[in-house]
file structure-v3.csv (CSV, C-alpha atoms)
chain,number,residue,atom,x,y,z
A,1,MET,CA,0.0,0.0,0.0
A,2,PRO,CA,1.6,3.3,-1.0
A,3,TRP,CA,1.7,6.4,1.2
A,4,THR,CA,-1.8,7.8,0.9
A,5,ALA,CA,-3.1,11.4,1.3
A,6,THR,CA,-6.9,11.6,1.8
A,7,VAL,CA,-8.0,15.2,1.3
A,8,LEU,CA,-11.4,16.5,2.4
A,9,THR,CA,-12.2,19.7,0.6
A,10,LEU,CA,-15.0,21.8,-0.9
A,11,TYR,CA,-12.9,22.2,-4.1
A,12,PRO,CA,-11.5,18.8,-5.2
A,13,GLU,CA,-10.8,20.3,-8.6
A,14,MET,CA,-7.8,22.1,-7.0
A,15,PHE,CA,-6.0,18.8,-6.7
A,16,PRO,CA,-3.5,17.5,-7.7
A,17,GLY,CA,-2.6,20.9,-9.0
A,18,PRO,CA,1.2,21.4,-8.6
A,19,LEU,CA,1.4,17.9,-7.1
A,20,GLY,CA,0.7,16.5,-10.5
A,21,VAL,CA,3.9,17.7,-12.1
A,22,SER,CA,7.7,17.4,-11.4
A,23,LEU,CA,8.9,14.9,-8.7
A,24,ALA,CA,5.6,14.6,-7.0
A,25,GLY,CA,3.6,14.2,-10.2
A,26,ARG,CA,6.0,11.5,-11.5
A,27,ALA,CA,5.8,9.6,-8.2
A,28,LEU,CA,2.0,9.9,-8.2
A,29,ALA,CA,1.9,8.4,-11.7
A,30,GLU,CA,4.3,5.6,-10.8
A,31,GLY,CA,2.2,4.7,-7.7
A,32,VAL,CA,4.8,5.7,-5.1
A,33,TRP,CA,2.1,7.7,-3.4
A,34,ARG,CA,-1.7,8.0,-3.7
A,35,LEU,CA,-4.1,10.9,-3.6
A,36,ASP,CA,-7.8,10.3,-2.6
A,37,MET,CA,-10.3,13.2,-2.7
A,38,VAL,CA,-13.4,13.6,-0.6
A,39,ASP,CA,-15.9,16.3,-1.6
A,40,ILE,CA,-17.3,17.8,1.6
A,41,ARG,CA,-20.2,19.2,-0.4
A,42,GLY,CA,-21.5,15.7,-0.9
A,43,PHE,CA,-22.3,15.5,2.8
A,44,GLY,CA,-24.2,18.9,2.9
A,45,GLU,CA,-27.6,19.3,4.4
A,46,GLY,CA,-30.8,19.8,2.4
A,47,ARG,CA,-31.6,20.4,-1.2
A,48,HIS,CA,-28.8,22.9,-1.5
A,49,ARG,CA,-26.2,20.7,0.2
A,50,ALA,CA,-25.5,23.4,2.9
A,51,VAL,CA,-22.1,22.9,4.6
A,52,ASP,CA,-21.9,26.0,6.7
A,53,ASP,CA,-24.0,28.3,9.0
A,54,THR,CA,-23.7,31.6,10.8
A,55,PRO,CA,-21.3,31.8,13.8
A,56,ALA,CA,-22.9,31.2,17.2
A,57,GLY,CA,-22.8,34.5,19.2
A,58,GLY,CA,-22.8,36.5,16.0
A,59,GLY,CA,-20.1,37.9,13.9
A,60,PRO,CA,-19.0,38.0,10.2
A,61,GLY,CA,-18.6,35.0,7.9
A,62,MET,CA,-19.8,31.5,8.0
A,63,VAL,CA,-18.6,28.4,9.9
A,64,LEU,CA,-18.4,24.8,8.6
A,65,ARG,CA,-21.0,22.7,10.4
A,66,PRO,CA,-19.8,19.9,12.7
A,67,ASP,CA,-22.3,17.3,11.5
A,68,VAL,CA,-21.3,17.8,7.9
A,69,MET,CA,-17.6,17.7,8.6
A,70,ALA,CA,-18.0,14.7,10.9
A,71,ALA,CA,-19.9,12.8,8.2
A,72,ALA,CA,-17.2,13.5,5.7
A,73,ILE,CA,-14.4,12.4,8.0
A,74,ASP,CA,-16.3,9.3,9.1
A,75,SER,CA,-16.8,8.3,5.5
A,76,VAL,CA,-13.1,7.5,5.2
A,77,ALA,CA,-12.4,6.5,8.8
A,78,GLU,CA,-11.8,2.9,7.9
A,79,GLU,CA,-9.6,3.5,4.9
A,80,ALA,CA,-7.6,6.2,6.8
A,81,GLN,CA,-7.5,4.3,10.1
A,82,GLY,CA,-4.4,5.0,12.2
A,83,VAL,CA,-3.1,8.0,10.1
A,84,PRO,CA,-2.8,11.6,11.5
A,85,ARG,CA,-5.9,13.7,11.0
A,86,LEU,CA,-4.7,17.2,10.1
A,87,LEU,CA,-6.7,20.4,9.8
A,88,MET,CA,-4.9,23.1,7.9
A,89,SER,CA,-5.5,26.1,10.1
A,90,ALA,CA,-3.7,29.5,10.6
A,91,ARG,CA,-3.9,28.9,14.4
A,92,GLY,CA,-2.3,25.5,14.2
A,93,ARG,CA,1.2,24.5,15.3
A,94,PRO,CA,3.8,25.5,12.7
A,95,LEU,CA,4.7,22.8,10.2
A,96,THR,CA,8.4,21.9,10.7
A,97,GLN,CA,10.8,19.7,8.8
A,98,ALA,CA,10.9,17.3,11.8
A,99,ARG,CA,7.1,16.9,11.6
A,100,VAL,CA,7.3,16.4,7.8
A,101,ARG,CA,9.8,13.6,8.3
A,102,GLU,CA,7.4,12.0,10.8
A,103,LEU,CA,4.6,12.1,8.4
A,104,ALA,CA,6.7,10.7,5.6
A,105,ALA,CA,7.7,7.7,7.8
A,106,GLY,CA,4.0,6.8,8.3
A,107,PRO,CA,1.4,5.3,6.1
A,108,GLY,CA,-0.2,8.6,5.1
A,109,VAL,CA,-2.4,11.4,6.3
A,110,LEU,CA,-6.0,12.6,6.3
A,111,VAL,CA,-6.0,16.3,5.5
A,112,VAL,CA,-9.1,18.5,6.2
A,113,CYS,CA,-9.2,21.8,4.2
A,114,GLY,CA,-11.1,24.5,6.1
A,115,ARG,CA,-13.0,27.4,4.5
A,116,PHE,CA,-14.8,30.5,5.5
A,117,GLU,CA,-14.3,31.4,9.2
A,118,GLY,CA,-13.2,27.9,10.0
A,119,VAL,CA,-14.5,24.6,11.4
A,120,ASP,CA,-16.8,24.2,14.4
A,121,GLU,CA,-14.6,23.6,17.4
A,122,ARG,CA,-16.7,20.6,18.5
A,123,VAL,CA,-15.7,18.5,15.4
A,124,ILE,CA,-12.1,19.4,15.9
A,125,GLU,CA,-12.3,18.0,19.4
A,126,ALA,CA,-14.5,15.0,18.7
A,127,ARG,CA,-12.6,13.8,15.6
A,128,GLU,CA,-9.2,14.7,17.2
A,129,LEU,CA,-8.0,16.9,14.4
A,130,GLU,CA,-4.4,18.2,14.6
A,131,GLU,CA,-4.3,21.8,13.5
A,132,VAL,CA,-1.3,22.6,11.3
A,133,ALA,CA,-0.2,26.0,10.0
A,134,ILE,CA,2.3,26.6,7.2
A,135,GLY,CA,3.0,30.2,8.3
A,136,ASP,CA,1.8,33.3,10.2
A,137,PHE,CA,-0.6,34.4,7.6
A,138,VAL,CA,-4.2,33.7,6.5
A,139,LEU,CA,-5.2,32.0,3.2
A,140,SER,CA,-8.7,31.9,1.6
A,141,GLY,CA,-8.8,28.1,2.4
A,142,GLY,CA,-6.8,25.1,3.5
A,143,GLU,CA,-6.2,23.8,0.0
A,144,PRO,CA,-3.0,25.7,-0.8
A,145,ALA,CA,-1.6,24.8,2.6
A,146,ALA,CA,-2.5,21.1,2.1
A,147,ILE,CA,-0.6,21.2,-1.2
A,148,VAL,CA,2.4,22.7,0.5
A,149,LEU,CA,2.3,20.0,3.2
A,150,MET,CA,1.9,17.1,0.8
A,151,ASP,CA,4.7,18.4,-1.4
A,152,ALA,CA,7.1,18.6,1.6
A,153,VAL,CA,6.2,15.1,2.6
A,154,VAL,CA,6.1,13.4,-0.8
A,155,ARG,CA,9.6,14.5,-1.8
A,156,LEU,CA,11.0,12.6,1.2
A,157,LEU,CA,9.3,9.3,0.3
A,158,PRO,CA,11.8,6.6,-0.9
A,159,GLY,CA,12.5,6.8,-4.6
A,160,VAL,CA,11.0,10.3,-5.1
A,161,MET,CA,14.3,12.3,-5.0
A,162,GLY,CA,17.0,11.2,-7.4
A,163,SER,CA,19.5,10.9,-4.5
A,164,ALA,CA,18.8,10.6,-0.9
A,165,ALA,CA,21.8,12.8,-0.3
A,166,SER,CA,20.0,15.6,-2.0
A,167,GLY,CA,18.1,16.4,1.2
A,168,GLU,CA,21.0,16.1,3.7
A,169,TRP,CA,22.1,19.8,3.6
A,170,GLU,CA,18.8,21.4,2.9
A,171,SER,CA,17.5,24.1,5.1
A,172,PHE,CA,16.4,22.8,8.5
A,173,GLU,CA,17.8,19.3,8.0
A,174,GLN,CA,20.8,20.1,10.1
A,175,GLY,CA,19.0,22.7,12.3
A,176,LEU,CA,20.3,25.5,10.1
A,177,LEU,CA,19.5,27.3,6.9
A,178,GLU,CA,21.1,26.0,3.7
A,179,HIS,CA,24.4,27.2,2.5
A,180,PRO,CA,24.8,29.2,-0.8
A,181,HIS,CA,25.0,27.4,-4.1
A,182,TYR,CA,27.0,28.2,-7.2
A,183,THR,CA,27.4,26.7,-10.7
A,184,ARG,CA,28.9,27.6,-14.1
A,185,PRO,CA,29.9,30.0,-15.5
A,186,ARG,CA,32.8,30.6,-13.2
A,187,VAL,CA,32.5,34.3,-13.6
A,188,TRP,CA,29.1,36.0,-14.2
A,189,GLU,CA,28.6,39.7,-14.4
A,190,GLY,CA,31.9,40.2,-12.6
A,191,ARG,CA,30.9,37.9,-9.7
A,192,GLU,CA,33.1,34.8,-9.2
A,193,ILE,CA,32.4,31.4,-7.7
A,194,PRO,CA,34.2,31.3,-4.3
A,195,GLU,CA,37.6,29.9,-4.9
A,196,ILE,CA,37.3,27.3,-2.2
A,197,LEU,CA,34.5,25.6,-4.1
A,198,LEU,CA,36.9,25.0,-7.0
A,199,SER,CA,39.7,23.7,-4.8
A,200,GLY,CA,38.7,20.0,-4.9
A,201,ASP,CA,39.4,19.9,-1.1
A,202,HIS,CA,36.2,18.3,0.1
A,203,ARG,CA,37.0,18.7,3.8
A,204,ARG,CA,37.6,22.4,3.4
A,205,ILE,CA,34.5,22.8,1.2
A,206,GLU,CA,32.3,21.1,3.8
A,207,ALA,CA,33.7,23.3,6.5
A,208,TRP,CA,33.1,26.4,4.4
A,209,ARG,CA,29.5,25.4,3.7
A,210,ARG,CA,28.9,24.8,7.4
A,211,GLU,CA,30.3,28.2,8.2
A,212,GLN,CA,28.1,29.8,5.6
A,213,ALA,CA,25.0,28.0,6.9
A,214,ILE,CA,25.7,29.1,10.5
A,215,ALA,CA,26.3,32.8,9.4
A,216,LEU,CA,23.1,32.8,7.2
A,217,THR,CA,21.0,31.3,10.0
A,218,GLN,CA,22.3,33.8,12.6
A,219,SER,CA,21.6,36.8,10.4
A,220,ARG,CA,18.2,35.7,8.9
A,221,ARG,CA,16.6,33.5,11.4
A,222,PRO,CA,18.1,34.3,14.8
A,223,GLU,CA,15.5,32.2,16.6
A,224,ILE,CA,16.6,29.1,14.7
A,225,TYR,CA,20.2,29.9,15.4
A,226,GLU,CA,19.6,30.2,19.1
A,227,ALA,CA,17.8,26.9,19.2
A,228,TRP,CA,20.7,25.3,17.3
A,229,ILE,CA,23.2,26.8,19.8
A,230,GLY,CA,21.0,25.5,22.6
A,231,ARG,CA,21.0,22.0,21.3
A,232,LYS,CA,24.8,22.0,20.8
A,233,ARG,CA,25.2,23.2,24.4
A,234,ASP,CA,22.9,20.5,25.7
A,235,ASP,CA,24.8,17.8,23.8
A,236,LYS,CA,28.0,18.9,25.5
A,237,GLN,CA,26.6,18.5,29.0
call {"tool": "encode", "arguments": {"input": "structure-v3.csv", "output": "structure tokens"}}
result
Amino acid sequence: MPWTATVLTLYPEMFPGPLGVSLAGRALAEGVWRLDMVDIRGFGEGRHRAVDDTPAGGGPGMVLRPDVMAAAIDSVAEEAQGVPRLLMSARGRPLTQARVRELAAGPGVLVVCGRFEGVDERVIEARELEEVAIGDFVLSGGEPAAIVLMDAVVRLLPGVMGSAASGEWESFEQGLLEHPHYTRPRVWEGREIPEILLSGDHRRIEAWRREQAIALTQSRRPEIYEAWIGRKRDDKQ
């Protein structure tokens, strides 16, 4: 059974989208992973298949109904048994590379794409949805966030990347941002490739790349740098 993403959405036509091309698309076509869609609208109430209602207590917008959302989730409960149930939500815990690796190591995910003002809190609690955010910003719906999450996970599945080593020095894999990259031509618009990268001395090259990664992380993401320093300090104790 391949790694499977089951996506609950009001807009199934948004998928696979970018996941249907490049590495993820080729892996999908080859059966390395599988994408199953569930149209939430199919579980709507009444003649118009209503999926939302006004917020209790008043306020703008609409809220996705708990009965509708629960019915949609329960319809795939058996097929998606034992997999994390994720709700793409701006108030969720930030998605990290460590969490991505955990998801890639499992059998798959069930991803709920919210819309409007969000999902009734009761169904989040009752169906044990893990709220996940891809950044400190708000999208019009959970679909783009779900695509980002799945792309991050799928590329780590065995056989998707050309070389497993491709991911070893990427940003966040070593607790740091990634070092700079260069390629031909040797000189471009008066800017040269750093001489050390042309030296053939792999030990010095690796040391230079690490130094660059540390410096970049410290200047651009000081909170990540401080966490990295803290882990190194703990390892020495």
call {"tool": "residues_around", "arguments": {"input": "structure-v3.csv", "residues": "segment 39-56 of chain A", "least_positions_apart": "2", "cutoff": "9 Å", "atoms": "only C-alpha atoms", "output": "PyMOL selection string"}}
result
chain A and resi 7-12+37+58-69+71-73+116-117+119-120
call {"tool": "atom_distance", "arguments": {"input": "structure-v3.csv", "atom1": "atom CA of Gly82 of chain A", "atom2": "atom CA of Pro2 of chain A"}}
result
14.6 Å
call {"tool": "closest_residue", "arguments": {"input": "structure-v3.csv", "among": "A:Leu35, A:Met1, A:Phe137, A:Arg210", "to": "His179 of chain A", "atoms": "all atoms listed in the file"}}
result
A:Arg210
call {"tool": "residues_around", "arguments": {"input": "structure-v3.csv", "residues": "segment 193-207 of chain A", "least_positions_apart": "6", "cutoff": "9 Å", "atoms": "only C-alpha atoms", "output": "PyMOL selection string"}}
result
chain A and resi 182-187
call {"tool": "atom_distance", "arguments": {"input": "structure-v3.csv", "atom1": "atom CA of Val38 of chain A", "atom2": "atom CA of Thr6 of chain A"}}
result
7.2 Å
call {"tool": "atom_distance", "arguments": {"input": "structure-v3.csv", "atom1": "atom CA of Ala145 of chain A", "atom2": "atom CA of Arg93 of chain A"}}
result
13.0 Å
call {"tool": "closest_residue", "arguments": {"input": "structure-v3.csv", "among": "A:Ala70, A:Met88, A:Gly175, A:Arg155", "to": "Gly230 of chain A", "atoms": "all atoms listed in the file"}}
result
A:Gly175
call {"tool": "closest_residue", "arguments": {"input": "structure-v3.csv", "among": "A:Ala104, A:Val148, A:Val132, A:Val83", "to": "Gly17 of chain A", "atoms": "all atoms listed in the file"}}
result
A:Val148
call {"tool": "decode", "arguments": {"input": "structure-v3.csv", "residues": "segment 7-101 of chain A", "atoms": "C-alpha atoms", "output": "JSON list (two decimals), in the first residue's frame"}}
result
[["chain", "number", "residue", "atom", "x", "y", "z"],
["A", 7, "VAL", "CA", -7.99, 15.17, 1.33],
["A", 8, "LEU", "CA", -11.38, 16.54, 2.43],
["A", 9, "THR", "CA", -12.21, 19.71, 0.55],
["A", 10, "LEU", "CA", -15.02, 21.78, -0.95],
["A", 11, "TYR", "CA", -12.88, 22.18, -4.08],
["A", 12, "PRO", "CA", -11.51, 18.78, -5.19],
["A", 13, "GLU", "CA", -10.77, 20.28, -8.61],
["A", 14, "MET", "CA", -7.84, 22.13, -7.00],
["A", 15, "PHE", "CA", -5.99, 18.81, -6.75],
["A", 16, "PRO", "CA", -3.52, 17.46, -7.66],
["A", 17, "GLY", "CA", -2.56, 20.92, -8.96],
["A", 18, "PRO", "CA", 1.22, 21.37, -8.58],
["A", 19, "LEU", "CA", 1.41, 17.89, -7.09],
["A", 20, "GLY", "CA", 0.67, 16.49, -10.54],
["A", 21, "VAL", "CA", 3.95, 17.71, -12.06],
["A", 22, "SER", "CA", 7.70, 17.37, -11.44],
["A", 23, "LEU", "CA", 8.89, 14.93, -8.75],
["A", 24, "ALA", "CA", 5.56, 14.61, -6.95],
["A", 25, "GLY", "CA", 3.64, 14.16, -10.20],
["A", 26, "ARG", "CA", 5.97, 11.48, -11.50],
["A", 27, "ALA", "CA", 5.83, 9.65, -8.19],
["A", 28, "LEU", "CA", 2.02, 9.88, -8.22],
["A", 29, "ALA", "CA", 1.87, 8.44, -11.75],
["A", 30, "GLU", "CA", 4.25, 5.63, -10.77],
["A", 31, "GLY", "CA", 2.20, 4.70, -7.70],
["A", 32, "VAL", "CA", 4.81, 5.73, -5.14],
["A", 33, "TRP", "CA", 2.06, 7.65, -3.38],
["A", 34, "ARG", "CA", -1.70, 7.98, -3.74],
["A", 35, "LEU", "CA", -4.11, 10.91, -3.56],
["A", 36, "ASP", "CA", -7.76, 10.32, -2.60],
["A", 37, "MET", "CA", -10.29, 13.16, -2.71],
["A", 38, "VAL", "CA", -13.44, 13.58, -0.63],
["A", 39, "ASP", "CA", -15.89, 16.33, -1.63],
["A", 40, "ILE", "CA", -17.29, 17.81, 1.59],
["A", 41, "ARG", "CA", -20.24, 19.21, -0.37],
["A", 42, "GLY", "CA", -21.49, 15.67, -0.86],
["A", 43, "PHE", "CA", -22.31, 15.52, 2.85],
["A", 44, "GLY", "CA", -24.15, 18.86, 2.92],
["A", 45, "GLU", "CA", -27.63, 19.28, 4.36],
["A", 46, "GLY", "CA", -30.85, 19.75, 2.40],
["A", 47, "ARG", "CA", -31.59, 20.38, -1.25],
["A", 48, "HIS", "CA", -28.77, 22.91, -1.55],
["A", 49, "ARG", "CA", -26.20, 20.74, 0.21],
["A", 50, "ALA", "CA", -25.48, 23.39, 2.86],
["A", 51, "VAL", "CA", -22.13, 22.88, 4.58],
["A", 52, "ASP", "CA", -21.92, 26.03, 6.70],
["A", 53, "ASP", "CA", -23.97, 28.28, 8.97],
["A", 54, "THR", "CA", -23.69, 31.60, 10.79],
["A", 55, "PRO", "CA", -21.35, 31.84, 13.81],
["A", 56, "ALA", "CA", -22.93, 31.21, 17.21],
["A", 57, "GLY", "CA", -22.79, 34.47, 19.15],
["A", 58, "GLY", "CA", -22.82, 36.55, 15.98],
["A", 59, "GLY", "CA", -20.06, 37.94, 13.85],
["A", 60, "PRO", "CA", -19.04, 37.99, 10.20],
["A", 61, "GLY", "CA", -18.62, 35.04, 7.86],
["A", 62, "MET", "CA", -19.76, 31.45, 8.05],
["A", 63, "VAL", "CA", -18.57, 28.35, 9.92],
["A", 64, "LEU", "CA", -18.35, 24.80, 8.59],
["A", 65, "ARG", "CA", -20.97, 22.66, 10.36],
["A", 66, "PRO", "CA", -19.79, 19.89, 12.71],
["A", 67, "ASP", "CA", -22.35, 17.34, 11.50],
["A", 68, "VAL", "CA", -21.32, 17.82, 7.88],
["A", 69, "MET", "CA", -17.60, 17.70, 8.63],
["A", 70, "ALA", "CA", -17.96, 14.66, 10.88],
["A", 71, "ALA", "CA", -19.90, 12.79, 8.21],
["A", 72, "ALA", "CA", -17.17, 13.52, 5.66],
["A", 73, "ILE", "CA", -14.41, 12.40, 8.03],
["A", 74, "ASP", "CA", -16.30, 9.29, 9.11],
["A", 75, "SER", "CA", -16.85, 8.27, 5.48],
["A", 76, "VAL", "CA", -13.11, 7.52, 5.15],
["A", 77, "ALA", "CA", -12.41, 6.52, 8.76],
["A", 78, "GLU", "CA", -11.83, 2.88, 7.87],
["A", 79, "GLU", "CA", -9.56, 3.55, 4.89],
["A", 80, "ALA", "CA", -7.59, 6.20, 6.79],
["A", 81, "GLN", "CA", -7.48, 4.30, 10.06],
["A", 82, "GLY", "CA", -4.40, 5.02, 12.15],
["A", 83, "VAL", "CA", -3.14, 7.99, 10.15],
["A", 84, "PRO", "CA", -2.77, 11.56, 11.49],
["A", 85, "ARG", "CA", -5.87, 13.70, 11.01],
["A", 86, "LEU", "CA", -4.66, 17.16, 10.05],
["A", 87, "LEU", "CA", -6.68, 20.36, 9.80],
["A", 88, "MET", "CA", -4.94, 23.11, 7.86],
["A", 89, "SER", "CA", -5.47, 26.12, 10.11],
["A", 90, "ALA", "CA", -3.75, 29.48, 10.62],
["A", 91, "ARG", "CA", -3.95, 28.94, 14.38],
["A", 92, "GLY", "CA", -2.30, 25.51, 14.22],
["A", 93, "ARG", "CA", 1.18, 24.51, 15.27],
["A", 94, "PRO", "CA", 3.78, 25.54, 12.67],
["A", 95, "LEU", "CA", 4.74, 22.79, 10.25],
["A", 96, "THR", "CA", 8.39, 21.86, 10.73],
["A", 97, "GLN", "CA", 10.79, 19.68, 8.80],
["A", 98, "ALA", "CA", 10.88, 17.30, 11.75],
["A", 99, "ARG", "CA", 7.09, 16.88, 11.57],
["A", 100, "VAL", "CA", 7.30, 16.42, 7.80],
["A", 101, "ARG", "CA", 9.77, 13.59, 8.30]]
